[in-house]
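A.B. asks: Provided below: structure.txt, containing compact mmCIF, C-alpha atoms (C1' of nucleotides).
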# COMPACT_ATOMS: atom_id res chain seq x y z
CA MET K 1 19.63 -16.49 3.99
CA ALA K 2 21.14 -19.61 5.46
CA ARG K 3 21.42 -21.05 1.99
CA ARG K 4 24.21 -23.37 1.08
CA GLY K 5 25.55 -20.83 -1.40
CA SER K 6 26.51 -18.60 1.48
CA TYR K 7 30.14 -18.67 0.57
CA ALA K 8 32.06 -15.52 -0.21
CA LYS K 9 31.35 -15.56 -3.91
CA GLY K 10 27.68 -16.34 -3.55
CA VAL K 11 27.27 -13.61 -0.99
CA ALA K 12 28.99 -11.10 -3.23
CA LYS K 13 26.73 -12.00 -6.12
CA ARG K 14 23.73 -11.67 -3.85
CA GLU K 15 24.79 -8.20 -2.85
CA GLU K 16 25.38 -7.31 -6.45
CA ILE K 17 21.90 -8.49 -7.37
CA LEU K 18 20.35 -6.42 -4.60
CA GLU K 19 22.24 -3.32 -5.61
CA ARG K 20 21.35 -3.70 -9.26
CA SER K 21 17.73 -4.32 -8.26
CA LEU K 22 17.67 -1.13 -6.23
CA ASP K 23 19.00 0.77 -9.18
CA VAL K 24 16.58 -0.68 -11.66
CA ILE K 25 13.51 -0.26 -9.45
CA ALA K 26 14.49 3.28 -8.53
CA ARG K 27 14.83 4.22 -12.18
CA GLU K 28 12.20 2.16 -13.93
CA GLY K 29 9.63 1.99 -11.19
CA TYR K 30 7.94 -0.88 -9.48
CA ARG K 31 4.36 -1.75 -10.24
CA GLY K 32 4.07 -5.09 -8.58
CA ALA K 33 6.91 -6.31 -10.75
CA SER K 34 7.27 -10.06 -11.22
CA VAL K 35 10.42 -11.99 -10.49
CA LYS K 36 10.89 -12.43 -14.21
CA GLU K 37 10.78 -8.70 -14.91
CA LEU K 38 13.34 -8.02 -12.27
CA ALA K 39 15.46 -10.94 -13.43
CA ASP K 40 15.48 -9.59 -16.99
CA ALA K 41 16.41 -6.14 -15.78
CA VAL K 42 19.18 -7.56 -13.67
CA GLY K 43 20.47 -9.79 -16.46
CA LEU K 44 19.53 -13.21 -15.11
CA SER K 45 16.85 -15.72 -15.85
CA GLN K 46 13.99 -15.98 -13.43
CA ALA K 47 15.31 -19.28 -12.07
CA GLY K 48 18.80 -17.86 -11.92
CA LEU K 49 17.63 -15.01 -9.74
CA LEU K 50 15.57 -17.20 -7.45
CA HIS K 51 18.63 -19.33 -6.93
CA TYR K 52 19.77 -16.69 -4.47
CA PHE K 53 16.53 -16.18 -2.63
CA ASP K 54 13.99 -18.53 -1.17
CA SER K 55 11.00 -16.79 -2.65
CA LYS K 56 9.82 -13.67 -4.32
CA GLU K 57 8.69 -12.15 -1.05
CA GLU K 58 12.02 -12.80 0.57
CA LEU K 59 13.79 -11.27 -2.42
CA PHE K 60 11.86 -8.04 -2.23
CA THR K 61 12.22 -7.89 1.52
CA GLU K 62 15.98 -8.10 1.11
CA ILE K 63 15.86 -5.31 -1.43
CA LEU K 64 14.20 -3.11 1.17
CA ARG K 65 16.84 -4.03 3.71
CA LYS K 66 19.60 -3.21 1.28
CA ARG K 67 17.97 0.13 0.63
CA ASP K 68 17.96 0.96 4.33
CA GLU K 69 21.62 0.04 4.45
CA VAL K 70 22.43 2.34 1.55
CA ASP K 71 20.32 5.19 2.91
CA ALA K 72 21.82 4.84 6.37
CA ARG K 73 25.28 5.18 4.87
CA ALA K 74 24.29 8.20 2.81
CA TYR K 75 22.20 10.01 5.38
CA GLY K 76 23.71 8.61 8.58
CA GLY K 77 20.50 8.08 10.44
CA SER K 78 20.98 4.74 12.06
CA SER K 79 24.03 3.51 13.92
CA GLU K 80 26.05 6.58 14.89
CA VAL K 81 25.16 8.98 17.65
CA VAL K 82 24.21 12.19 15.92
CA SER K 83 22.93 15.54 17.10
CA PRO K 84 19.18 16.08 17.11
CA ASP K 85 19.59 18.49 14.22
CA GLY K 86 21.68 15.98 12.32
CA LEU K 87 19.01 13.36 12.77
CA ARG K 88 16.29 15.74 11.73
CA ASP K 89 18.23 16.91 8.68
CA GLY K 90 19.11 13.36 7.72
CA PHE K 91 15.44 12.46 7.93
CA VAL K 92 14.42 15.35 5.72
CA GLY K 93 17.29 14.46 3.40
CA VAL K 94 16.04 10.93 2.93
CA ILE K 95 12.57 12.24 2.20
CA ARG K 96 13.89 14.71 -0.33
CA HIS K 97 15.88 11.90 -1.92
CA ASN K 98 12.83 9.66 -2.06
CA ALA K 99 11.19 12.03 -4.51
CA ASP K 100 13.90 10.95 -6.96
CA VAL K 101 13.26 7.23 -6.60
CA PRO K 102 9.54 6.71 -7.15
CA GLY K 103 9.92 3.00 -7.72
CA LEU K 104 11.41 2.50 -4.28
CA VAL K 105 8.67 4.51 -2.63
CA GLN K 106 6.14 2.36 -4.41
CA LEU K 107 7.90 -0.86 -3.46
CA TYR K 108 8.10 0.22 0.17
CA SER K 109 4.45 1.20 0.37
CA ARG K 110 3.25 -1.87 -1.41
CA MET K 111 5.27 -4.13 0.82
CA ALA K 112 4.10 -2.25 3.91
CA VAL K 113 0.54 -3.14 3.00
CA ASP K 114 1.23 -6.75 2.06
CA ALA K 115 3.31 -7.25 5.19
CA ALA K 116 0.29 -6.55 7.36
CA ASP K 117 -0.09 -10.30 7.15
CA THR K 118 1.98 -11.68 10.03
CA SER K 119 3.13 -14.59 7.91
CA HIS K 120 4.63 -12.34 5.25
CA PRO K 121 8.45 -12.42 5.28
CA ALA K 122 8.52 -8.63 5.42
CA HIS K 123 6.29 -8.45 8.47
CA ARG K 124 9.12 -8.75 10.92
CA TYR K 125 11.20 -6.39 8.83
CA PHE K 126 8.60 -3.65 9.11
CA VAL K 127 7.84 -4.21 12.78
CA ASP K 128 11.50 -4.14 13.71
CA ARG K 129 12.39 -1.28 11.43
CA ASN K 130 9.50 0.85 12.55
CA SER K 131 10.16 0.44 16.22
CA ALA K 132 13.89 1.04 15.81
CA LEU K 133 13.19 4.10 13.73
CA ARG K 134 10.71 5.44 16.23
CA ALA K 135 13.06 4.85 19.13
CA SER K 136 15.76 6.75 17.30
CA PHE K 137 13.37 9.57 16.45
CA ALA K 138 12.10 9.71 20.01
CA ASP K 139 15.65 10.25 21.30
CA GLY K 140 16.24 13.09 18.90
CA LEU K 141 12.86 14.64 19.57
CA ARG K 142 13.40 14.44 23.33
CA ALA K 143 16.61 16.39 22.91
CA LEU K 144 14.77 19.00 20.87
CA GLN K 145 12.13 19.22 23.59
CA ALA K 146 14.84 19.77 26.18
CA GLU K 147 16.09 22.69 24.15
CA GLY K 148 12.61 24.15 23.92
CA ARG K 149 12.50 23.77 20.17
CA LEU K 150 9.75 21.18 20.15
CA THR K 151 6.46 21.08 21.98
CA ASP K 152 6.43 19.01 25.15
CA VAL K 153 2.67 18.93 25.32
CA VAL K 154 2.94 15.45 23.87
CA ASP K 155 5.57 12.88 24.83
CA ALA K 156 8.47 12.19 22.48
CA GLU K 157 7.36 8.63 21.72
CA THR K 158 4.01 9.79 20.44
CA LEU K 159 5.62 12.60 18.49
CA ALA K 160 7.94 10.06 16.91
CA ARG K 161 4.92 8.05 15.87
CA ILE K 162 3.36 11.15 14.36
CA VAL K 163 6.51 12.09 12.50
CA GLN K 164 6.78 8.64 11.02
CA ALA K 165 3.12 8.65 10.05
CA VAL K 166 3.52 11.97 8.29
CA ALA K 167 6.45 10.66 6.29
CA ASP K 168 4.63 7.49 5.24
CA GLY K 169 1.36 9.26 4.59
CA LEU K 170 2.98 11.93 2.47
CA GLN K 171 4.43 9.21 0.30
CA LEU K 172 0.94 7.99 -0.48
CA GLN K 173 -0.15 11.51 -1.38
CA TRP K 174 2.95 12.04 -3.46
CA MET K 175 2.41 8.82 -5.40
CA GLN K 176 -1.01 10.07 -6.46
CA ASP K 177 0.25 13.57 -7.13
CA PRO K 178 4.00 13.94 -7.66
CA SER K 179 3.76 17.71 -7.26
CA THR K 180 3.35 17.11 -3.52
CA ASP K 181 6.29 18.63 -1.67
CA MET K 182 7.11 15.89 0.82
CA ALA K 183 10.24 17.40 2.32
CA GLY K 184 8.76 20.89 2.50
CA THR K 185 5.69 19.61 4.27
CA VAL K 186 7.77 17.74 6.82
CA GLU K 187 9.74 20.89 7.51
CA ALA K 188 6.48 22.77 7.90
CA MET K 189 5.39 20.20 10.43
CA PHE K 190 8.51 20.71 12.51
CA ARG K 191 7.92 24.44 12.37
CA ALA K 192 4.35 23.97 13.48
CA LEU K 193 5.51 21.92 16.45
CA ASP K 194 8.22 24.37 17.45
CA PRO K 195 7.03 26.62 20.28
CA SER K 196 9.93 29.01 19.70
CA VAL K 197 8.62 30.01 16.29
CA PRO K 198 6.64 33.26 16.69
CA ALA K 199 2.97 33.02 15.78
CA GLY K 200 1.23 34.99 13.11
CA ASP K 201 3.65 34.91 10.20
CA PRO K 202 2.92 31.82 8.19
CA LYS K 203 5.92 31.15 6.01
CA GLU K 204 5.59 29.68 2.55
CA THR K 205 6.01 25.95 2.35
CA SER K 206 8.51 25.73 -0.47
CA MET W 1 -21.22 2.61 -14.77
CA ALA W 2 -23.00 3.47 -17.97
CA ARG W 3 -23.85 -0.15 -18.43
CA ARG W 4 -27.01 -1.19 -20.15
CA GLY W 5 -28.25 -2.75 -16.94
CA SER W 6 -28.62 0.67 -15.43
CA TYR W 7 -32.27 0.19 -14.81
CA ALA W 8 -33.77 0.46 -11.38
CA LYS W 9 -33.45 -3.20 -10.53
CA GLY W 10 -29.91 -3.55 -11.78
CA VAL W 11 -28.83 -0.46 -9.90
CA ALA W 12 -30.40 -1.76 -6.72
CA LYS W 13 -28.59 -5.07 -7.08
CA ARG W 14 -25.37 -3.22 -7.68
CA GLU W 15 -25.83 -1.27 -4.49
CA GLU W 16 -26.66 -4.43 -2.64
CA ILE W 17 -23.49 -6.08 -3.94
CA LEU W 18 -21.39 -3.13 -2.83
CA GLU W 19 -22.92 -3.09 0.62
CA ARG W 20 -22.47 -6.82 1.08
CA SER W 21 -18.90 -6.50 -0.15
CA LEU W 22 -18.16 -3.79 2.37
CA ASP W 23 -19.53 -5.98 5.10
CA VAL W 24 -17.62 -9.04 4.07
CA ILE W 25 -14.32 -7.26 3.57
CA ALA W 26 -14.66 -5.38 6.85
CA ARG W 27 -15.25 -8.60 8.72
CA GLU W 28 -13.15 -11.15 6.89
CA GLY W 29 -10.34 -8.90 5.73
CA TYR W 30 -8.92 -8.18 2.35
CA ARG W 31 -5.62 -9.64 1.27
CA GLY W 32 -5.62 -8.85 -2.38
CA ALA W 33 -8.80 -10.86 -2.67
CA SER W 34 -9.74 -12.15 -6.10
CA VAL W 35 -13.05 -11.50 -7.80
CA LYS W 36 -13.97 -15.11 -7.22
CA GLU W 37 -13.38 -14.92 -3.48
CA LEU W 38 -15.53 -11.85 -3.19
CA ALA W 39 -18.16 -13.38 -5.45
CA ASP W 40 -18.36 -16.47 -3.25
CA ALA W 41 -18.64 -14.35 -0.15
CA VAL W 42 -21.37 -12.28 -1.71
CA GLY W 43 -23.24 -15.31 -2.99
CA LEU W 44 -22.65 -14.96 -6.72
CA SER W 45 -20.48 -16.67 -9.26
CA GLN W 46 -17.43 -14.79 -10.48
CA ALA W 47 -19.07 -14.13 -13.83
CA GLY W 48 -22.29 -13.14 -12.10
CA LEU W 49 -20.49 -10.54 -10.06
CA LEU W 50 -18.54 -9.15 -12.99
CA HIS W 51 -21.82 -8.74 -14.83
CA TYR W 52 -22.30 -5.58 -12.79
CA PHE W 53 -18.82 -4.15 -13.13
CA ASP W 54 -16.51 -3.65 -16.06
CA SER W 55 -13.45 -5.06 -14.35
CA LYS W 56 -12.01 -6.08 -11.05
CA GLU W 57 -10.36 -2.74 -10.55
CA GLU W 58 -13.54 -0.86 -11.22
CA LEU W 59 -15.39 -3.13 -8.79
CA PHE W 60 -13.01 -2.44 -5.94
CA THR W 61 -12.94 1.26 -6.71
CA GLU W 62 -16.72 1.33 -6.41
CA ILE W 63 -16.48 -0.46 -3.08
CA LEU W 64 -14.27 2.35 -1.80
CA ARG W 65 -16.73 4.93 -3.06
CA LYS W 66 -19.57 3.18 -1.34
CA ARG W 67 -17.58 3.12 1.85
CA ASP W 68 -17.06 6.88 1.71
CA GLU W 69 -20.77 7.28 1.19
CA VAL W 70 -21.56 5.15 4.23
CA ASP W 71 -18.94 6.86 6.39
CA ALA W 72 -20.09 10.31 5.32
CA ARG W 73 -23.60 9.45 6.41
CA ALA W 74 -22.42 8.04 9.72
CA TYR W 75 -19.85 10.66 10.58
CA GLY W 76 -21.20 13.59 8.56
CA GLY W 77 -17.90 14.87 7.28
CA SER W 78 -18.66 15.68 3.70
CA SER W 79 -21.65 17.56 2.36
CA GLU W 80 -23.12 19.50 5.28
CA VAL W 81 -21.64 22.62 6.78
CA VAL W 82 -20.42 21.60 10.20
CA SER W 83 -18.56 23.34 12.97
CA PRO W 84 -14.79 22.98 13.09
CA ASP W 85 -15.18 20.84 16.18
CA GLY W 86 -17.78 18.70 14.48
CA LEU W 87 -15.47 18.14 11.57
CA ARG W 88 -12.57 17.31 13.84
CA ASP W 89 -14.64 14.96 15.95
CA GLY W 90 -16.09 13.30 12.87
CA PHE W 91 -12.59 12.77 11.57
CA VAL W 92 -11.44 11.19 14.82
CA GLY W 93 -14.62 9.16 14.87
CA VAL W 94 -13.92 7.69 11.45
CA ILE W 95 -10.41 6.81 12.52
CA ARG W 96 -11.66 5.15 15.68
CA HIS W 97 -14.18 3.23 13.60
CA ASN W 98 -11.49 2.13 11.16
CA ALA W 99 -9.80 0.13 13.87
CA ASP W 100 -12.88 -2.11 13.75
CA VAL W 101 -12.73 -2.76 10.02
CA PRO W 102 -9.18 -3.91 9.27
CA GLY W 103 -10.13 -5.30 5.89
CA LEU W 104 -11.31 -1.92 4.68
CA VAL W 105 -8.16 -0.23 5.89
CA GLN W 106 -6.15 -2.80 4.01
CA LEU W 107 -8.24 -2.42 0.86
CA TYR W 108 -7.90 1.35 0.99
CA SER W 109 -4.15 1.28 1.48
CA ARG W 110 -3.59 -1.35 -1.13
CA MET W 111 -5.63 0.54 -3.66
CA ALA W 112 -3.90 3.79 -2.78
CA VAL W 113 -0.62 2.21 -3.79
CA ASP W 114 -1.90 0.52 -6.93
CA ALA W 115 -3.68 3.69 -8.00
CA ALA W 116 -0.40 5.54 -8.22
CA ASP W 117 -0.57 4.38 -11.80
CA THR W 118 -2.49 7.10 -13.64
CA SER W 119 -4.26 4.52 -15.78
CA HIS W 120 -5.70 2.72 -12.77
CA PRO W 121 -9.46 3.25 -12.43
CA ALA W 122 -8.98 4.31 -8.82
CA HIS W 123 -6.43 6.96 -9.67
CA ARG W 124 -9.00 9.65 -10.27
CA TYR W 125 -10.95 8.49 -7.25
CA PHE W 126 -7.99 9.07 -4.97
CA VAL W 127 -6.92 12.35 -6.53
CA ASP W 128 -10.42 13.78 -6.31
CA ARG W 129 -11.14 12.39 -2.87
CA ASN W 130 -7.87 13.58 -1.43
CA SER W 131 -8.18 17.10 -2.70
CA ALA W 132 -11.82 17.37 -1.61
CA LEU W 133 -10.93 16.00 1.79
CA ARG W 134 -8.03 18.39 2.18
CA ALA W 135 -10.11 21.35 1.11
CA SER W 136 -12.71 20.43 3.69
CA PHE W 137 -10.05 19.97 6.37
CA ALA W 138 -8.42 23.24 5.46
CA ASP W 139 -11.68 25.09 6.02
CA GLY W 140 -12.12 23.56 9.43
CA LEU W 141 -8.52 24.13 10.39
CA ARG W 142 -8.67 27.74 9.29
CA ALA W 143 -11.60 28.25 11.61
CA LEU W 144 -9.65 26.70 14.46
CA GLN W 145 -6.72 28.98 13.68
CA ALA W 146 -9.03 31.98 13.82
CA GLU W 147 -10.07 30.91 17.31
CA GLY W 148 -6.47 30.56 18.38
CA ARG W 149 -6.84 26.85 18.97
CA LEU W 150 -4.49 25.81 16.20
CA THR W 151 -1.05 27.10 15.28
CA ASP W 152 -0.99 29.65 12.48
CA VAL W 153 2.73 29.27 11.94
CA VAL W 154 1.83 27.06 8.98
CA ASP W 155 -1.02 27.75 6.58
CA ALA W 156 -4.21 25.73 6.84
CA GLU W 157 -3.70 23.98 3.48
CA THR W 158 -0.38 22.56 4.56
CA LEU W 159 -1.79 21.59 7.94
CA ALA W 160 -4.60 19.78 6.15
CA ARG W 161 -2.01 17.88 4.16
CA ILE W 162 -0.20 16.97 7.36
CA VAL W 163 -3.37 15.84 9.08
CA GLN W 164 -4.27 13.62 6.16
CA ALA W 165 -0.77 12.19 6.04
CA VAL W 166 -0.90 11.35 9.74
CA ALA W 167 -4.17 9.52 9.29
CA ASP W 168 -2.93 7.49 6.32
CA GLY W 169 0.48 6.84 7.84
CA LEU W 170 -0.99 5.67 11.13
CA GLN W 171 -3.03 3.15 9.23
CA LEU W 172 0.16 1.61 7.89
CA GLN W 173 1.62 1.45 11.39
CA TRP W 174 -1.58 0.02 12.75
CA MET W 175 -1.72 -2.69 10.10
CA GLN W 176 1.71 -3.89 11.20
CA ASP W 177 0.90 -3.53 14.87
CA PRO W 178 -2.80 -3.42 15.77
CA SER W 179 -2.00 -2.16 19.25
CA THR W 180 -1.26 1.23 17.68
CA ASP W 181 -3.75 3.77 18.97
CA MET W 182 -4.67 5.61 15.79
CA ALA W 183 -7.39 7.85 17.20
CA GLY W 184 -5.44 8.66 20.33
CA THR W 185 -2.40 9.63 18.33
CA VAL W 186 -4.43 11.92 16.10
CA GLU W 187 -5.86 13.60 19.17
CA ALA W 188 -2.35 14.00 20.53
CA MET W 189 -1.36 15.65 17.27
CA PHE W 190 -4.14 18.21 17.56
CA ARG W 191 -3.06 18.88 21.14
CA ALA W 192 0.53 19.35 20.01
CA LEU W 193 -0.58 21.86 17.39
CA ASP W 194 -2.82 23.80 19.80
CA PRO W 195 -1.02 26.88 21.09
CA SER W 196 -3.60 27.31 23.85
CA VAL W 197 -2.54 24.08 25.56
CA PRO W 198 -0.11 24.96 28.35
CA ALA W 199 3.39 23.53 27.95
CA GLY W 200 5.08 21.22 30.36
CA ASP W 201 2.37 18.73 31.31
CA PRO W 202 2.45 15.96 28.75
CA LYS W 203 -0.83 14.10 29.02
CA GLU W 204 -1.08 10.40 28.48
CA THR W 205 -2.01 9.36 24.96
CA SER W 206 -4.81 6.95 25.71
C1' DG O 1 25.90 -21.06 -10.85
C1' DT O 2 22.94 -20.50 -14.41
C1' DC O 3 20.12 -22.08 -17.84
C1' DT O 4 15.77 -24.24 -20.24
C1' DA O 5 11.70 -26.38 -19.56
C1' DT O 6 7.85 -27.32 -17.15
C1' DA O 7 4.85 -27.98 -13.38
C1' DA O 8 0.93 -26.45 -10.69
C1' DA O 9 -2.04 -23.14 -9.56
C1' DG O 10 -4.20 -19.15 -10.10
C1' DT O 11 -6.04 -14.93 -12.56
C1' DG O 12 -9.62 -11.86 -14.97
C1' DA O 13 -12.53 -11.97 -18.64
C1' DT O 14 -15.93 -13.79 -21.96
C1' DA O 15 -19.23 -16.95 -24.65
C1' DG O 16 -23.21 -18.99 -24.50
C1' DA O 17 -26.88 -21.87 -22.22
C1' DC O 18 -30.86 -21.26 -19.50
C1' DG H 1 -29.60 -11.86 -14.59
C1' DT H 2 -26.99 -15.59 -13.44
C1' DC H 3 -24.80 -19.70 -14.33
C1' DT H 4 -21.16 -23.18 -16.22
C1' DA H 5 -17.43 -23.75 -18.90
C1' DT H 6 -13.49 -22.34 -20.82
C1' DC H 7 -9.98 -19.23 -22.76
C1' DA H 8 -5.72 -17.13 -22.71
C1' DC H 9 -2.41 -15.76 -19.70
C1' DT H 10 0.57 -15.00 -15.83
C1' DT H 11 2.53 -16.25 -11.72
C1' DT H 12 6.08 -18.57 -8.55
C1' DA H 13 8.61 -22.43 -7.92
C1' DT H 14 11.25 -26.54 -9.11
C1' DA H 15 13.73 -30.37 -11.86
C1' DG H 16 17.34 -31.37 -14.30
C1' DA H 17 20.79 -30.45 -18.07
C1' DC H 18 25.19 -28.30 -18.67
Using structure tokens, write down the structure from this file.

C.D. replies:
Amino acid sequence: MARRGSYAKGVAKREEILERSLDVIAREGYRGASVKELADAVGLSQAGLLHYFDSKEELFTEILRKRDEVDARAYGGSSEVVSPDGLRDGFVGVIRHNADVPGLVQLYSRMAVDAADTSHPAHRYFVDRNSALRASFADGLRALQAEGRLTDVVDAETLARIVQAVADGLQLQWMQDPSTDMAGTVEAMFRALDPSVPAGDPKETS
Amino acid sequence: MARRGSYAKGVAKREEILERSLDVIAREGYRGASVKELADAVGLSQAGLLHYFDSKEELFTEILRKRDEVDARAYGGSSEVVSPDGLRDGFVGVIRHNADVPGLVQLYSRMAVDAADTSHPAHRYFVDRNSALRASFADGLRALQAEGRLTDVVDAETLARIVQAVADGLQLQWMQDPSTDMAGTVEAMFRALDPSVPAGDPKETS
DNA sequence: GTCTATAAAGTGATAGAC
DNA sequence: GTCTATCACTTTATAGAC
């Protein structure tokens, strides 16, 4: 950001790098990859890649941002006003999709841990993203509560926090054991929190 | 493990190292600490510390094990047969305690990500621990279901998975923003899943 | 804009003295 | 059992050629 190469061409190349990086990491995985590894995969030298980013940490933070951008386009969860069901389905859709891109899940989780440090470039990214995400969830969940399809024993903000925690926590479980059904479990959670579902007939998860 | 120094004295020293490590990491935090840093903190040279462990990864895995051992003793969640309420309260107790040991939360989360790799020494630790934990949860949750204090719309195994995910996911949120009320949110979750709680009077979280 | 080359600082692990 | 010393690498970042 704010680098002198921020002219049209440089920006385009930057975007291209981020998109290629997403692709490569999604396919080939991320295990604390070095700048050099990513550079090789992207077809640049290490120095050539870092020409576009101030540091490794900034580079990987931007990759996460780009991923959100792509996901938002594909699953429409961010800018538009959508129905509560649309938001819920988009959320589940992203989770289902995540099972196909293990490297990105790993990158996200790893960065989430590293960014606990307030001086990490991704710290602000996570804080902002999480609160925006939760606010958006809370709106959708409030609407579901109003329709009687979600418990109102707990306020929507707290439920949003819980929903987000489930999604992140399931990723950790899934990384250890890829047979974990992330999307199915999230759907089960919504069912469990839906007072309009009749008791006593536990449905199968998958 | 299985090192020739497995005589009484060596074992005792090993235990002492692990306990000191827990203490130091809990207090001073863990940000991908090196063996040397930990060695200094524990009062040994790097080589002196590694004399007791085969590798860095094994060392940190053992620290996690020791932590479970300590927590199990303090919050009695593992070996004994306890009431469903005891198990639930122990669980919430551990979570409340975790807010006082940020370094351990960070170590745990970091290792959970790294151990996604099946060849990581902690991989088996996490797989075993998670399934044991979930089995234990499932038992307790089943009992709660039988008493009508927990939804039976979803089977106990899946609920156990959800509960674990919430705990792990909240840790990530809390690391980014320490004002996150992990224990309170978990309690809210149990309330939200309790069909005997009357609707319509959302209680405050904390 | 991209490269090669290199700096500067770690890392985990091991050999060997004591 | 613990230390010092050192090995063999790897890492990010930067300087400077082209």

A.B. asks: Would you list the contacts of Glu69 of chain W as a PyMOL selection string, taking every protein, DNA or RNA residue within 12 Å and counting all atoms listed in the file, but skipping same-chain residues closer than 2 positions in sequence?

C.D. replies: chain W and resi 15+18-19+22+62-67+71-79+129

A.B. asks: Based on the selection just made, write C-alpha atoms of those residues as an mmCIF file, in the frame of the given file.

C.D. replies:
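The resulting again.cif:
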data_model
loop_
_atom_site.group_PDB
_atom_site.id
_atom_site.type_symbol
_atom_site.label_atom_id
_atom_site.label_comp_id
_atom_site.auth_asym_id
_atom_site.auth_seq_id
_atom_site.Cartn_x
_atom_site.Cartn_y
_atom_site.Cartn_z
ATOM 1 C CA GLU W 15 -25.830 -1.270 -4.490
ATOM 2 C CA LEU W 18 -21.390 -3.130 -2.830
ATOM 3 C CA GLU W 19 -22.920 -3.090 0.620
ATOM 4 C CA LEU W 22 -18.160 -3.790 2.370
ATOM 5 C CA GLU W 62 -16.720 1.330 -6.410
ATOM 6 C CA ILE W 63 -16.480 -0.460 -3.080
ATOM 7 C CA LEU W 64 -14.270 2.350 -1.800
ATOM 8 C CA ARG W 65 -16.730 4.930 -3.060
ATOM 9 C CA LYS W 66 -19.570 3.180 -1.340
ATOM 10 C CA ARG W 67 -17.580 3.120 1.850
ATOM 11 C CA ASP W 71 -18.940 6.860 6.390
ATOM 12 C CA ALA W 72 -20.090 10.310 5.320
ATOM 13 C CA ARG W 73 -23.600 9.450 6.410
ATOM 14 C CA ALA W 74 -22.420 8.040 9.720
ATOM 15 C CA TYR W 75 -19.850 10.660 10.580
ATOM 16 C CA GLY W 76 -21.200 13.590 8.560
ATOM 17 C CA GLY W 77 -17.900 14.870 7.280
ATOM 18 C CA SER W 78 -18.660 15.680 3.700
ATOM 19 C CA SER W 79 -21.650 17.560 2.360
ATOM 20 C CA ARG W 129 -11.140 12.390 -2.870
#

A.B. asks: Under the rule of at most 9 Å, produce a per-residue listing of chain W near chain O: chain, number, name, the closest pair of atoms, and the distance in Å, as a Markdown table, using all atoms listed in the file.

C.D. replies:
| residue | atom | partner | partner_atom | distance |
| --- | --- | --- | --- | --- |
| W:Ser34 | CA | O:DT11 | C1' | 7.9 |
| W:Val35 | CA | O:DG12 | C1' | 8.0 |
| W:Ala47 | CA | O:DA13 | C1' | 8.4 |
| W:Leu50 | CA | O:DA13 | C1' | 8.7 |
| W:Ser55 | CA | O:DG12 | C1' | 7.8 |
| W:Lys56 | CA | O:DG12 | C1' | 7.4 |

A.B. asks: For the atom pair atom CA of Pro84 of chain W and atom CA of Thr158 of chain K, what is the interatomic distance in Å to one decimal place?

C.D. replies: 24.1 Å

A.B. asks: Quick one: pull the distance between atom CA of Ala143 of chain K and atom CA of Leu193 of chain W, Å, one decimal.

C.D. replies: 18.9 Å

A.B. asks: Compile the contact shell of segment 95-97 of chain K as a list in words: residues with an atom at most 9 Å away, counting all atoms listed in the file, same-chain residues fewer than 4 positions apart removed.

C.D. replies: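 Once the adjacent positions are removed, what remains is Gly90, Phe91, Val101, Ala167, Gln171, Asp181, Met182, Ala183, Gly184 and Val186 of chain K.
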
A.B. asks: Compile the residues of chain H that lie within 12 Å of chain W, evaluated using all atoms listed in the file, and express the compilation as JSON, numbers by chain.

C.D. replies: {"H": [1, 2, 3, 4, 5]}

A.B. asks: With C-alpha atoms (C1' of nucleotides) kept, could you save the residues just selected as an mmCIF file, in the coordinates of the input?

C.D. replies:
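Result file follows (selection_32.cif):
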data_model
loop_
_atom_site.group_PDB
_atom_site.id
_atom_site.type_symbol
_atom_site.label_atom_id
_atom_site.label_comp_id
_atom_site.auth_asym_id
_atom_site.auth_seq_id
_atom_site.Cartn_x
_atom_site.Cartn_y
_atom_site.Cartn_z
ATOM 1 C "C1'" DG H 1 -29.600 -11.860 -14.590
ATOM 2 C "C1'" DT H 2 -26.990 -15.590 -13.440
ATOM 3 C "C1'" DC H 3 -24.800 -19.700 -14.330
ATOM 4 C "C1'" DT H 4 -21.160 -23.180 -16.220
ATOM 5 C "C1'" DA H 5 -17.430 -23.750 -18.900
#

A.B. asks: Using all atoms listed in the file, select each residue of chain W with any atom at most 9 Å away from an atom of chain K, and give the selection as a PyMOL selection string.

C.D. replies: chain W and resi 31-32+106+109-110+112-118+123-124+126-127+130+151-155+158-159+161-177+185-186+188-189+191-193+195+197-205

A.B. asks: Work out how far atom CA of Val94 of chain K is from atom CA of Arg27 of chain K, in Å to one decimal.

C.D. replies: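 A separation of 16.6 Å between them.
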
A.B. asks: Any chance you could work out the axis-aligned box around segment 126-143 of chain K, listed atoms only, 3 Å on each side, giving centre and edge lengths in Å to one decimal, as JSON?

C.D. replies:
{"center_x": 12.2, "center_y": 6.1, "center_z": 16.2, "size_x": 14.8, "size_y": 26.6, "size_z": 20.2}

A.B. asks: Got a sec: who's within 10 Å of Glu147 of chain K, counting only C-alpha atoms (C1' of nucleotides), leaving out chain neighbours fewer than 5 positions off, as an MDAnalysis selection string?

C.D. replies: chainID K and resid 141:142 196
